$ cat my_file_30.cif   # mmCIF, C-alpha atoms
data_upload
loop_
_atom_site.label_atom_id
_atom_site.label_comp_id
_atom_site.auth_asym_id
_atom_site.auth_seq_id
_atom_site.Cartn_x
_atom_site.Cartn_y
_atom_site.Cartn_z
CA MET A 293 23.37 -54.94 -2.14
CA THR A 294 23.30 -56.46 1.34
CA CYS A 295 26.51 -56.75 3.39
CA SER A 296 27.16 -60.32 4.50
CA ARG A 297 28.93 -59.11 7.62
CA CYS A 298 26.47 -56.64 9.17
CA SER A 299 23.38 -57.08 6.92
CA THR A 300 23.33 -53.40 5.97
CA VAL A 301 21.68 -52.61 2.64
CA ASN A 302 24.13 -50.65 0.46
CA PRO A 303 23.69 -48.90 -2.90
CA GLU A 304 24.16 -51.26 -5.84
CA LEU A 305 27.44 -49.67 -7.00
CA ALA A 306 29.07 -49.84 -3.55
CA ARG A 307 32.42 -51.63 -3.30
CA PHE A 308 32.59 -51.43 0.50
CA CYS A 309 29.87 -51.51 3.13
CA TYR A 310 29.39 -47.95 4.36
CA ARG A 311 28.58 -49.23 7.84
CA CYS A 312 31.20 -51.89 8.67
CA GLY A 313 33.70 -51.44 5.83
CA ALA A 314 33.54 -55.03 4.59
CA GLY A 315 34.32 -55.61 0.93
CA LEU A 316 31.26 -56.19 -1.24
CA THR A 317 33.02 -57.15 -4.48
CA THR A 318 35.83 -59.50 -5.43
CA SER A 319 38.13 -56.51 -6.02
CA ALA A 320 37.44 -55.07 -2.55
CA ASP A 321 39.29 -57.62 -0.42
CA ARG A 322 39.94 -55.78 2.85
CA THR A 323 43.42 -57.26 3.25
CA SER A 324 44.36 -55.33 0.10
CA HIS A 325 42.80 -52.06 1.26
CA TYR A 326 44.06 -50.66 4.57
CA ALA A 327 41.18 -48.92 6.33
CA ALA A 328 43.13 -45.70 6.88
CA SER A 329 44.76 -45.66 3.44
CA PRO A 330 42.90 -47.97 1.04
CA GLY A 331 45.46 -47.52 -1.73
CA GLU A 332 47.80 -49.73 0.33
CA PRO A 333 47.43 -53.31 1.59
CA VAL A 334 47.03 -53.84 5.32
CA ARG A 335 50.44 -55.43 5.71
CA ALA A 336 52.64 -52.85 4.04
CA LEU A 337 55.85 -51.20 5.20
CA ALA A 338 54.47 -47.66 5.00
CA LEU A 339 55.78 -45.44 7.79
CA VAL A 340 53.74 -42.29 7.10
CA SER A 341 50.30 -43.83 6.63
CA THR A 342 50.89 -46.08 9.66
CA LEU A 343 52.01 -43.55 12.26
CA MET A 344 50.03 -40.66 10.74
CA PRO A 345 46.67 -42.28 9.94
CA HIS A 346 44.76 -39.02 9.38
CA VAL A 347 46.99 -37.92 6.49
CA SER A 348 45.19 -37.69 3.16
CA GLY A 349 46.88 -39.39 0.24
CA SER A 350 47.70 -36.07 -1.41
CA ARG A 351 49.91 -35.02 1.51
CA HIS A 352 51.84 -38.22 2.18
CA HIS A 353 54.75 -37.03 0.08
CA LEU A 354 55.34 -33.94 2.25
CA TYR A 355 56.13 -35.99 5.34
CA LYS A 356 58.06 -38.58 3.35
CA TRP A 357 60.25 -35.81 1.96
CA GLY A 358 60.78 -34.42 5.46
CA LEU A 359 61.97 -37.77 6.76
CA ALA A 360 64.10 -38.34 3.65
CA LEU A 361 65.81 -34.96 3.97
CA ALA A 362 66.57 -35.57 7.65
CA GLY A 363 68.00 -38.98 6.78
CA ALA A 364 70.13 -37.49 4.01
CA ALA A 365 71.43 -34.76 6.34
CA SER A 366 72.33 -37.43 8.89
CA LEU A 367 74.25 -39.43 6.29
CA VAL A 368 76.11 -36.34 5.07
CA ALA A 369 77.11 -35.45 8.65
CA SER A 370 78.27 -39.04 9.17
CA GLY A 371 80.34 -38.84 5.99
CA PHE A 372 82.13 -35.77 7.36
CA GLY A 373 82.68 -37.48 10.72
CA ILE A 374 80.38 -35.16 12.69
CA LEU A 375 78.54 -37.78 14.73
CA PRO A 376 76.65 -35.36 17.05
CA VAL A 377 75.02 -33.62 14.07
CA ALA A 378 74.26 -36.99 12.45
CA LEU A 379 72.58 -38.21 15.63
CA ILE A 380 70.51 -35.06 16.10
CA CYS A 381 69.37 -34.89 12.45
CA ALA A 382 68.19 -38.49 12.62
CA ALA A 383 66.71 -38.37 16.11
CA ILE A 384 64.57 -35.25 15.63
CA ALA A 385 63.19 -36.36 12.25
CA LEU A 386 60.30 -38.53 13.37
CA PRO A 387 59.07 -36.46 16.35
CA GLY A 388 59.45 -33.29 14.28
CA VAL A 389 57.39 -34.66 11.37
CA LEU A 390 54.77 -36.01 13.78
CA LEU A 391 54.37 -32.56 15.34
CA MET A 392 53.98 -31.04 11.87
CA TYR A 393 51.33 -33.65 11.11
CA LEU A 394 49.43 -32.88 14.32
CA TYR A 395 49.45 -29.18 13.45
CA ASP A 396 48.56 -29.56 9.77
CA HIS A 397 45.62 -31.89 10.42
CA GLU A 398 44.50 -30.44 13.79
CA VAL A 399 44.77 -33.88 15.34
CA TRP A 400 45.28 -32.25 18.71
CA SER A 401 41.74 -30.79 18.49
CA ASP A 402 42.57 -27.26 19.70
CA ASP A 403 44.37 -28.64 22.75
CA PRO A 404 48.04 -28.47 21.70
CA LEU A 405 49.31 -27.67 25.19
CA THR A 406 48.12 -30.98 26.62
CA VAL A 407 49.51 -32.94 23.70
CA VAL A 408 52.89 -31.23 23.66
CA ALA A 409 53.26 -31.23 27.45
CA ALA A 410 52.37 -34.90 27.81
CA CYS A 411 53.53 -36.55 24.61
CA VAL A 412 56.71 -34.54 24.17
CA ALA A 413 57.83 -33.05 27.48
CA LEU A 414 56.68 -35.89 29.76
CA ALA A 415 57.85 -38.60 27.35
CA ALA A 416 61.21 -36.85 26.99
CA ALA A 417 61.59 -36.65 30.77
CA LEU A 418 60.89 -40.36 31.02
CA GLY A 419 63.40 -40.92 28.23
CA VAL A 420 66.08 -39.17 30.25
CA GLY A 421 65.32 -41.53 33.13
CA ILE A 422 65.48 -44.58 30.85
CA GLY A 423 68.80 -43.35 29.46
CA LEU A 424 70.26 -42.95 32.94
CA LEU A 425 69.03 -46.43 33.85
CA ALA A 426 70.61 -47.88 30.70
CA ASN A 427 73.89 -46.20 31.56
CA ALA A 428 73.74 -47.56 35.10
CA PHE A 429 73.12 -51.10 33.87
CA SER A 430 75.72 -51.14 31.11
CA GLY A 431 78.37 -48.78 32.39
CA SER A 432 77.91 -46.70 29.21
CA GLY A 433 74.78 -47.99 27.51
CA ALA A 434 75.92 -46.61 24.18
CA ILE A 435 76.16 -48.44 20.90
CA ILE A 436 79.44 -46.64 20.34
CA GLY A 437 80.65 -47.70 23.80
CA LEU A 438 82.07 -50.97 22.44
CA THR A 439 83.48 -53.58 24.82
CA ASN A 440 85.64 -56.65 24.44
CA ASN A 441 83.66 -58.98 26.67
CA LEU A 442 80.07 -60.15 26.75
CA PRO A 443 78.22 -58.74 29.79
CA SER A 444 77.74 -61.02 32.80
CA THR A 445 74.54 -63.01 33.25
CA GLY A 446 73.22 -60.56 35.84
CA ARG A 447 73.93 -57.58 33.62
CA LEU A 448 72.31 -59.28 30.64
CA LEU A 449 69.16 -59.80 32.72
CA GLU A 450 69.17 -56.10 33.57
CA LEU A 451 69.72 -55.00 29.97
CA CYS A 452 67.54 -57.59 28.20
CA VAL A 453 64.68 -58.02 30.69
CA VAL A 454 64.49 -55.26 33.29
CA LEU A 455 65.31 -52.36 30.95
CA PRO A 456 62.74 -53.40 28.27
CA LEU A 457 60.06 -53.82 30.96
CA VAL A 458 60.71 -50.36 32.37
CA THR A 459 60.81 -48.87 28.87
CA LEU A 460 57.52 -50.56 27.95
CA ILE A 461 55.83 -48.99 30.97
CA ALA A 462 57.37 -45.60 30.17
CA VAL A 463 56.20 -45.51 26.52
CA GLN A 464 52.60 -45.99 27.64
CA VAL A 465 52.48 -43.22 30.24
CA ALA A 466 52.14 -40.15 27.98
CA PRO A 467 49.60 -41.59 25.48
CA VAL A 468 47.49 -43.04 28.31
CA ILE A 469 47.29 -39.62 29.94
CA VAL A 470 46.37 -37.86 26.69
CA THR A 471 43.80 -40.44 25.56
CA SER A 472 42.07 -40.32 28.95
CA ARG A 473 40.52 -37.06 27.71
CA PRO A 474 37.15 -37.59 25.94
CA ARG A 475 38.22 -35.72 22.80
CA PHE A 476 41.09 -38.17 22.28
CA LYS A 477 39.29 -41.41 23.03
CA HIS A 478 39.44 -42.93 19.54
CA THR A 479 41.80 -45.79 18.73
CA LEU A 480 43.60 -43.73 16.09
CA ASP A 481 44.32 -41.06 18.71
CA ALA A 482 45.96 -43.75 20.83
CA LEU A 483 48.08 -44.72 17.82
CA THR A 484 49.09 -41.15 16.98
CA PHE A 485 49.98 -40.06 20.49
CA ALA A 486 51.77 -43.33 21.26
CA ALA A 487 53.89 -42.71 18.16
CA LEU A 488 54.73 -39.16 19.23
CA GLY A 489 55.41 -40.22 22.80
CA GLY A 490 57.59 -43.16 21.74
CA ALA A 491 59.61 -41.03 19.33
CA SER A 492 60.11 -38.29 21.93
CA LEU A 493 61.16 -40.80 24.57
CA ALA A 494 63.61 -42.43 22.16
CA LEU A 495 65.11 -39.02 21.28
CA ALA A 496 65.75 -38.09 24.91
CA GLU A 497 67.09 -41.54 25.79
CA SER A 498 69.50 -41.53 22.84
CA ILE A 499 70.88 -38.12 23.83
CA VAL A 500 71.54 -39.34 27.38
CA VAL A 501 72.95 -42.71 26.32
CA GLN A 502 75.19 -41.21 23.64
CA HIS A 503 76.18 -38.15 25.63
CA GLY A 504 79.85 -38.89 24.99
CA ALA A 505 79.38 -38.18 21.29
CA PHE A 506 78.28 -34.63 22.10
CA SER A 507 81.52 -33.65 23.83
CA SER A 508 82.38 -31.67 20.71
CA ALA A 509 80.87 -30.95 17.32
CA THR A 510 84.18 -31.34 15.51
CA VAL A 511 85.18 -34.04 13.06
CA HIS A 512 85.79 -37.37 14.82
CA ASN A 513 88.37 -39.92 13.77
CA THR A 514 85.77 -42.66 13.34
CA SER A 515 84.34 -44.74 10.54
CA SER A 516 81.78 -42.80 8.51
CA ALA A 517 79.86 -45.99 7.73
CA ARG A 518 79.71 -46.95 11.39
CA ASP A 519 78.51 -43.47 12.38
CA ALA A 520 75.81 -43.67 9.72
CA PHE A 521 74.54 -47.01 11.00
CA ILE A 522 74.51 -45.70 14.58
CA ALA A 523 72.56 -42.60 13.56
CA LEU A 524 70.04 -44.60 11.53
CA THR A 525 69.58 -47.09 14.35
CA LEU A 526 69.04 -44.50 17.07
CA GLY A 527 67.26 -41.91 14.93
CA PHE A 528 64.87 -44.04 12.90
CA ALA A 529 64.71 -47.71 13.91
CA LYS A 530 64.56 -47.25 17.69
CA PRO A 531 61.83 -44.55 17.67
CA ILE A 532 59.69 -46.74 15.42
CA ILE A 533 60.18 -49.70 17.76
CA TYR A 534 59.17 -47.61 20.78
CA ALA A 535 56.23 -46.12 18.89
CA ALA A 536 55.05 -49.59 17.88
CA ALA A 537 55.34 -51.00 21.38
CA GLY A 538 53.39 -48.07 22.81
CA ALA A 539 50.76 -48.03 20.06
CA ILE A 540 49.98 -51.75 20.22
CA THR A 541 49.52 -51.72 23.98
CA VAL A 542 47.65 -48.41 24.30
CA MET A 543 45.31 -49.18 21.38
CA ARG A 544 44.33 -52.44 23.04
CA LEU A 545 43.97 -50.72 26.39
CA ARG A 546 41.65 -48.08 24.95
CA ARG A 547 39.58 -50.70 23.15
CA ARG A 548 39.21 -52.45 26.52
CA THR A 549 39.86 -55.85 24.99
CA SER A 550 41.03 -58.95 26.80
CA ALA A 551 44.03 -58.96 24.45
CA TYR A 552 45.83 -56.20 26.37
CA PRO A 553 48.14 -58.68 28.19
CA LEU A 554 49.10 -60.11 24.80
CA GLY A 555 49.80 -56.56 23.64
CA LEU A 556 52.12 -56.09 26.60
CA LEU A 557 53.97 -59.24 25.59
CA GLU A 558 54.30 -58.02 22.01
CA GLY A 559 55.55 -54.64 23.16
CA PHE A 560 58.07 -56.25 25.50
CA LEU A 561 59.38 -58.50 22.73
CA LEU A 562 59.81 -55.57 20.34
CA ILE A 563 61.82 -53.53 22.82
CA GLY A 564 63.55 -56.60 24.26
CA VAL A 565 64.86 -57.75 20.89
CA TYR A 566 66.35 -54.31 20.27
CA ASP A 567 67.89 -53.98 23.73
CA SER A 568 69.27 -57.52 23.53
CA ALA A 569 70.95 -56.75 20.21
CA VAL A 570 72.56 -53.63 21.66
CA ALA A 571 73.74 -55.50 24.75
CA THR A 572 75.19 -58.57 23.05
CA LEU A 573 76.57 -57.33 19.73
CA ALA A 574 78.75 -54.47 20.99
CA ILE A 575 81.70 -56.85 21.37
CA TYR A 576 81.86 -57.35 17.58
CA GLY A 577 82.99 -53.84 16.76
CA ASP A 578 81.84 -52.31 13.49
CA ARG A 579 80.24 -55.59 12.46
CA GLY A 580 78.20 -55.50 15.66
CA VAL A 581 76.97 -51.99 14.84
CA VAL A 582 75.79 -53.14 11.41
CA LEU A 583 74.14 -56.26 12.84
CA THR A 584 72.40 -54.14 15.48
CA PHE A 585 71.01 -51.88 12.77
CA ILE A 586 69.76 -54.86 10.74
CA ILE A 587 68.01 -56.40 13.75
CA ALA A 588 66.56 -53.02 14.76
CA ALA A 589 65.31 -52.38 11.21
CA ILE A 590 63.63 -55.79 11.01
CA THR A 591 62.07 -55.29 14.45
CA ALA A 592 60.80 -51.85 13.45
CA ALA A 593 59.28 -53.33 10.27
CA VAL A 594 57.49 -56.00 12.30
CA GLY A 595 56.24 -53.29 14.65
CA LEU A 596 54.83 -51.21 11.79
CA ILE A 597 52.94 -54.18 10.38
CA ARG A 598 51.53 -55.03 13.80
CA ILE A 599 50.34 -51.43 14.25
CA ARG A 600 48.53 -51.61 10.91
CA ASP A 601 46.93 -54.94 11.81
CA GLU A 602 45.66 -53.51 15.10
CA ALA A 603 44.42 -50.22 13.64
CA HIS A 604 42.70 -51.91 10.69
CA ALA A 605 40.92 -54.43 12.93
CA ALA A 606 39.91 -51.67 15.36
CA LEU A 607 38.39 -49.49 12.63
CA LEU A 608 36.35 -52.39 11.27
CA ASP A 609 35.24 -53.65 14.69
CA GLU A 610 34.32 -50.22 16.06
CA ALA A 611 32.26 -49.43 12.98
CA THR A 612 30.39 -52.71 13.27
CA GLU A 613 29.61 -52.12 16.94
CA ALA A 614 28.51 -48.50 16.48
CA THR A 615 24.97 -47.38 15.76
CA VAL A 616 24.91 -45.84 12.30
CA ALA A 617 22.19 -43.60 10.90
CA PRO A 618 20.20 -45.05 7.99
CA ALA A 619 20.83 -43.98 4.44
CA GLY A 620 18.65 -41.38 2.81
CA HIS A 621 20.76 -38.30 2.22
CA TYR A 622 24.44 -37.61 1.75
CA GLY A 623 26.74 -36.48 4.53
CA GLY A 624 29.53 -34.72 2.68
CA ASN A 625 32.35 -36.12 0.55
CA CYS A 626 35.17 -38.58 1.16
CA ALA A 627 38.49 -36.86 1.85
CA GLU A 628 40.36 -39.54 -0.09
CA CYS A 629 38.39 -40.01 -3.34
CA GLY A 630 35.97 -37.05 -3.18
CA LEU A 631 32.82 -39.09 -3.78
CA PRO A 632 29.68 -38.51 -1.67
CA LEU A 633 29.24 -40.34 1.63
CA VAL A 634 26.00 -41.93 2.73
CA ALA A 635 24.68 -40.22 5.88
CA GLY A 636 26.11 -41.84 8.97
CA SER A 637 28.87 -43.58 7.03
CA ALA A 638 31.73 -45.16 8.92
CA PHE A 639 33.44 -45.92 5.60
CA CYS A 640 33.43 -44.57 2.07
CA LEU A 641 31.48 -47.06 -0.01
CA ALA A 642 33.64 -46.30 -3.06
CA CYS A 643 37.25 -46.44 -1.84
CA GLY A 644 36.84 -47.98 1.64
CA THR A 645 38.48 -45.20 3.66
CA ALA A 646 37.38 -45.09 7.29
CA VAL A 647 35.73 -41.77 8.17
CA ALA A 648 37.58 -41.90 11.49
CA ALA A 649 40.87 -41.83 9.56
CA MET A 650 40.01 -38.71 7.58
CA PRO A 651 41.51 -35.39 8.75
CA LYS A 652 39.63 -34.21 11.83
CA PRO A 653 38.46 -30.90 10.30
CA HIS A 654 37.00 -32.93 7.45
CA GLN A 655 35.22 -35.21 9.94
CA GLN A 656 33.69 -32.17 11.60
CA HIS A 657 32.57 -30.86 8.21
CA ILE A 658 30.94 -34.21 7.43
CA ALA A 659 29.12 -34.23 10.77
CA SER A 660 27.86 -30.66 10.35
CA TYR A 661 26.82 -31.31 6.75
CA ALA A 662 24.87 -34.40 7.72
CA SER A 663 23.15 -32.66 10.64
CA THR A 664 22.00 -29.74 8.51
CA SER A 665 20.79 -32.09 5.77
CA ALA A 666 18.79 -34.27 8.14
#
$ encode --input "my_file_30.cif" --output "structure tokens"
Amino acid sequence: MTCSRCSTVNPELARFCYRCGAGLTTSADRTSHYAASPGEPVRALALVSTLMPHVSGSRHHLYKWGLALAGAASLVASGFGILPVALICAAIALPGVLLMYLYDHEVWSDDPLTVVAACVALAAALGVGIGLLANAFSGSGAIIGLTNNLPSTGRLLELCVVLPLVTLIAVQVAPVIVTSRPRFKHTLDALTFAALGGASLALAESIVVQHGAFSSATVHNTSSARDAFIALTLGFAKPIIYAAAGAITVMRLRRRTSAYPLGLLEGFLLIGVYDSAVATLAIYGDRGVVLTFIIAAITAAVGLIRIRDEAHAALLDEATEATVAPAGHYGGNCAECGLPLVAGSAFCLACGTAVAAMPKPHQQHIASYASTSA
């Protein structure tokens, strides 16, 4: 069977081209099979498989449970009026799960110090700076720092234009430094480390911006529902928005495409929409908090879909451009479905999983297997 996209000759039973990943049958439409997780469509709201592309399908539930438990703990703390605990439980969930993912799948390729120092420590330091800047612009910068009047035009420009621009630059710093190393040059590395950097930056910024909530860990006389929406906004929606803005821009930068300026615009719009909601809706009290969460959640969802679009296109394009060894012997098994891979495969011809999205130890096993079988 000959692929119409790259002209590679595939085995007759192949559903996907092992070289470029294109679908070879009517049931193998690539829009319905995300390159990093072919059991899902490309445009799906799937947090784990989007921000953690090397996770095998059998382990998705572990990270989903981790995030769910953190969210539940945050809601329980909100119900008891302990806002500091609610904020911390929510804010550490995503960076904590991402670090577990990096460790479990050896995504940091035996160089954890560089990854942790840059993507966590450096991003957190930048987050502190962004938080201080937000406080300087707004007077408080906090969602819970409600006001009675809409900010002035000059302040709105600072909060809705200047602050998002500075934040967009900051979320790119850590992943750009990490992916400048040869071992982390792949597009999926840019995605992973941008996600960790964005989540770490958001955590540090939220702590600085909401420092007033940490004056005591006692029960506060506030609305439990409002506290819950604040915690979910700052702990889940905002980190995803920052991760998406960083991932879209850094992935395009590492691919060296002319679309990088467009990626900057997309990243700015994602962060700008969130910051604008925070700046303009605070005057509406509890209703403003709920509206801010809704806008942040929608923005985060858009960001996740855009990440998947970029990663999927990158995996297909990079495979097409690469030189792939001819078929003739097998190079190990697919980590997703377990079926044999054709030597030099960029994709599994059965399920369509990109080899680059398989756990890194498995990739190394495939490479060593193929080399010894050659």
$ closest_atom_pairs --input "my_file_30.cif" --of "region 322-415 of chain A" --to "region 300-314 of chain A" --cutoff "12 Å" --atoms "only C-alpha atoms" --output "tab-separated table"
residue	atom	partner	partner_atom	distance
A:Arg322	CA	A:Ala314	CA	6.7
A:Thr323	CA	A:Ala314	CA	10.2
A:Ser324	CA	A:Ala314	CA	11.7
A:His325	CA	A:Gly313	CA	10.2
A:Tyr326	CA	A:Gly313	CA	10.5
A:Ala327	CA	A:Gly313	CA	7.9
A:Ala328	CA	A:Gly313	CA	11.1
A:Pro330	CA	A:Phe308	CA	10.9
$ write_last_selection --input "my_file_30.cif" --atoms "C-alpha atoms" --output "mmCIF file, in the coordinates of the input"
data_model
loop_
_atom_site.group_PDB
_atom_site.id
_atom_site.type_symbol
_atom_site.label_atom_id
_atom_site.label_comp_id
_atom_site.auth_asym_id
_atom_site.auth_seq_id
_atom_site.Cartn_x
_atom_site.Cartn_y
_atom_site.Cartn_z
ATOM 1 C CA ARG A 322 39.940 -55.780 2.850
ATOM 2 C CA THR A 323 43.420 -57.260 3.250
ATOM 3 C CA SER A 324 44.360 -55.330 0.100
ATOM 4 C CA HIS A 325 42.800 -52.060 1.260
ATOM 5 C CA TYR A 326 44.060 -50.660 4.570
ATOM 6 C CA ALA A 327 41.180 -48.920 6.330
ATOM 7 C CA ALA A 328 43.130 -45.700 6.880
ATOM 8 C CA PRO A 330 42.900 -47.970 1.040
#
$ closest_residue --input "my_file_30.cif" --among "A:Ala417, A:Cys381, A:Leu367, A:Cys640" --to "Glu497 (chain A)" --atoms "all atoms listed in the file"
A:Ala417
$ closest_residue --input "my_file_30.cif" --among "A:Leu375, A:Ala603, A:Leu583, A:Ile563" --to "Leu460 (chain A)" --atoms "all atoms listed in the file"
A:Ile563
$ resolve_selection --input "my_file_30.cif" --expression "the PyMOL selection byres ((chain A and resi 341) around 12)" --output "ChimeraX atom specification"
/A:326-340,342-356,390,393,480,483-484,596-597,599-600,603-604,649-650
$ resolve_selection --input "my_file_30.cif" --expression "the PyMOL selection byres ((chain A and resi 627) around 8)" --output "number ranges by chain"
A: 348, 625-626, 628-630, 650-651, 654
$ atom_distance --input "my_file_30.cif" --atom1 "CA of Leu391 (chain A)" --atom2 "CA of Ala536 (chain A)"
17.2 Å
$ build_atoms --input "my_file_30.cif" --residues "region 369-397 of chain A" --atoms "N, CA and C atoms" --output "tab-separated table (two decimals), keeping the file's coordinate frame"
chain	number	residue	atom	x	y	z
A	369	ALA	N	76.35	-35.75	7.43
A	369	ALA	CA	77.11	-35.45	8.65
A	369	ALA	C	78.00	-36.63	9.04
A	370	SER	N	77.47	-37.85	8.87
A	370	SER	CA	78.27	-39.04	9.17
A	370	SER	C	79.47	-39.13	8.23
A	371	GLY	N	79.25	-38.79	6.96
A	371	GLY	CA	80.34	-38.84	5.99
A	371	GLY	C	81.47	-37.88	6.33
A	372	PHE	N	81.11	-36.75	6.96
A	372	PHE	CA	82.13	-35.77	7.36
A	372	PHE	C	82.65	-36.03	8.78
A	373	GLY	N	82.19	-37.11	9.40
A	373	GLY	CA	82.68	-37.48	10.72
A	373	GLY	C	82.13	-36.65	11.85
A	374	ILE	N	80.98	-36.00	11.64
A	374	ILE	CA	80.38	-35.16	12.69
A	374	ILE	C	79.21	-35.95	13.29
A	375	LEU	N	79.54	-36.87	14.17
A	375	LEU	CA	78.54	-37.78	14.73
A	375	LEU	C	77.45	-37.06	15.51
A	376	PRO	N	77.74	-36.03	16.32
A	376	PRO	CA	76.65	-35.36	17.05
A	376	PRO	C	75.57	-34.80	16.12
A	377	VAL	N	75.99	-34.17	15.02
A	377	VAL	CA	75.02	-33.62	14.07
A	377	VAL	C	74.24	-34.74	13.40
A	378	ALA	N	74.93	-35.84	13.08
A	378	ALA	CA	74.26	-36.99	12.45
A	378	ALA	C	73.20	-37.55	13.38
A	379	LEU	N	73.52	-37.67	14.66
A	379	LEU	CA	72.58	-38.21	15.63
A	379	LEU	C	71.36	-37.30	15.79
A	380	ILE	N	71.61	-36.00	15.90
A	380	ILE	CA	70.51	-35.06	16.10
A	380	ILE	C	69.60	-35.01	14.87
A	381	CYS	N	70.19	-34.95	13.67
A	381	CYS	CA	69.37	-34.89	12.45
A	381	CYS	C	68.46	-36.10	12.35
A	382	ALA	N	69.00	-37.27	12.70
A	382	ALA	CA	68.19	-38.49	12.62
A	382	ALA	C	67.16	-38.55	13.74
A	383	ALA	N	67.58	-38.18	14.94
A	383	ALA	CA	66.71	-38.37	16.11
A	383	ALA	C	65.52	-37.43	16.13
A	384	ILE	N	65.68	-36.20	15.59
A	384	ILE	CA	64.57	-35.25	15.63
A	384	ILE	C	63.62	-35.41	14.45
A	385	ALA	N	63.99	-36.25	13.48
A	385	ALA	CA	63.19	-36.36	12.25
A	385	ALA	C	61.78	-36.82	12.53
A	386	LEU	N	61.63	-37.97	13.18
A	386	LEU	CA	60.30	-38.53	13.37
A	386	LEU	C	59.44	-37.69	14.31
A	387	PRO	N	59.92	-37.31	15.52
A	387	PRO	CA	59.07	-36.46	16.35
A	387	PRO	C	58.76	-35.12	15.70
A	388	GLY	N	59.70	-34.56	14.94
A	388	GLY	CA	59.45	-33.29	14.28
A	388	GLY	C	58.36	-33.41	13.22
A	389	VAL	N	58.41	-34.46	12.41
A	389	VAL	CA	57.39	-34.66	11.37
A	389	VAL	C	56.04	-34.97	12.00
A	390	LEU	N	56.03	-35.72	13.09
A	390	LEU	CA	54.77	-36.01	13.78
A	390	LEU	C	54.12	-34.75	14.32
A	391	LEU	N	54.92	-33.83	14.86
A	391	LEU	CA	54.37	-32.56	15.34
A	391	LEU	C	53.82	-31.73	14.18
A	392	MET	N	54.50	-31.74	13.05
A	392	MET	CA	53.98	-31.04	11.87
A	392	MET	C	52.64	-31.64	11.44
A	393	TYR	N	52.57	-32.94	11.48
A	393	TYR	CA	51.33	-33.65	11.11
A	393	TYR	C	50.19	-33.28	12.05
A	394	LEU	N	50.47	-33.24	13.35
A	394	LEU	CA	49.43	-32.88	14.32
A	394	LEU	C	48.92	-31.47	14.06
A	395	TYR	N	49.84	-30.57	13.72
A	395	TYR	CA	49.45	-29.18	13.45
A	395	TYR	C	48.67	-29.06	12.14
A	396	ASP	N	49.18	-29.68	11.09
A	396	ASP	CA	48.56	-29.56	9.77
A	396	ASP	C	47.14	-30.12	9.75
A	397	HIS	N	46.92	-31.21	10.49
A	397	HIS	CA	45.62	-31.89	10.42
A	397	HIS	C	44.78	-31.67	11.69
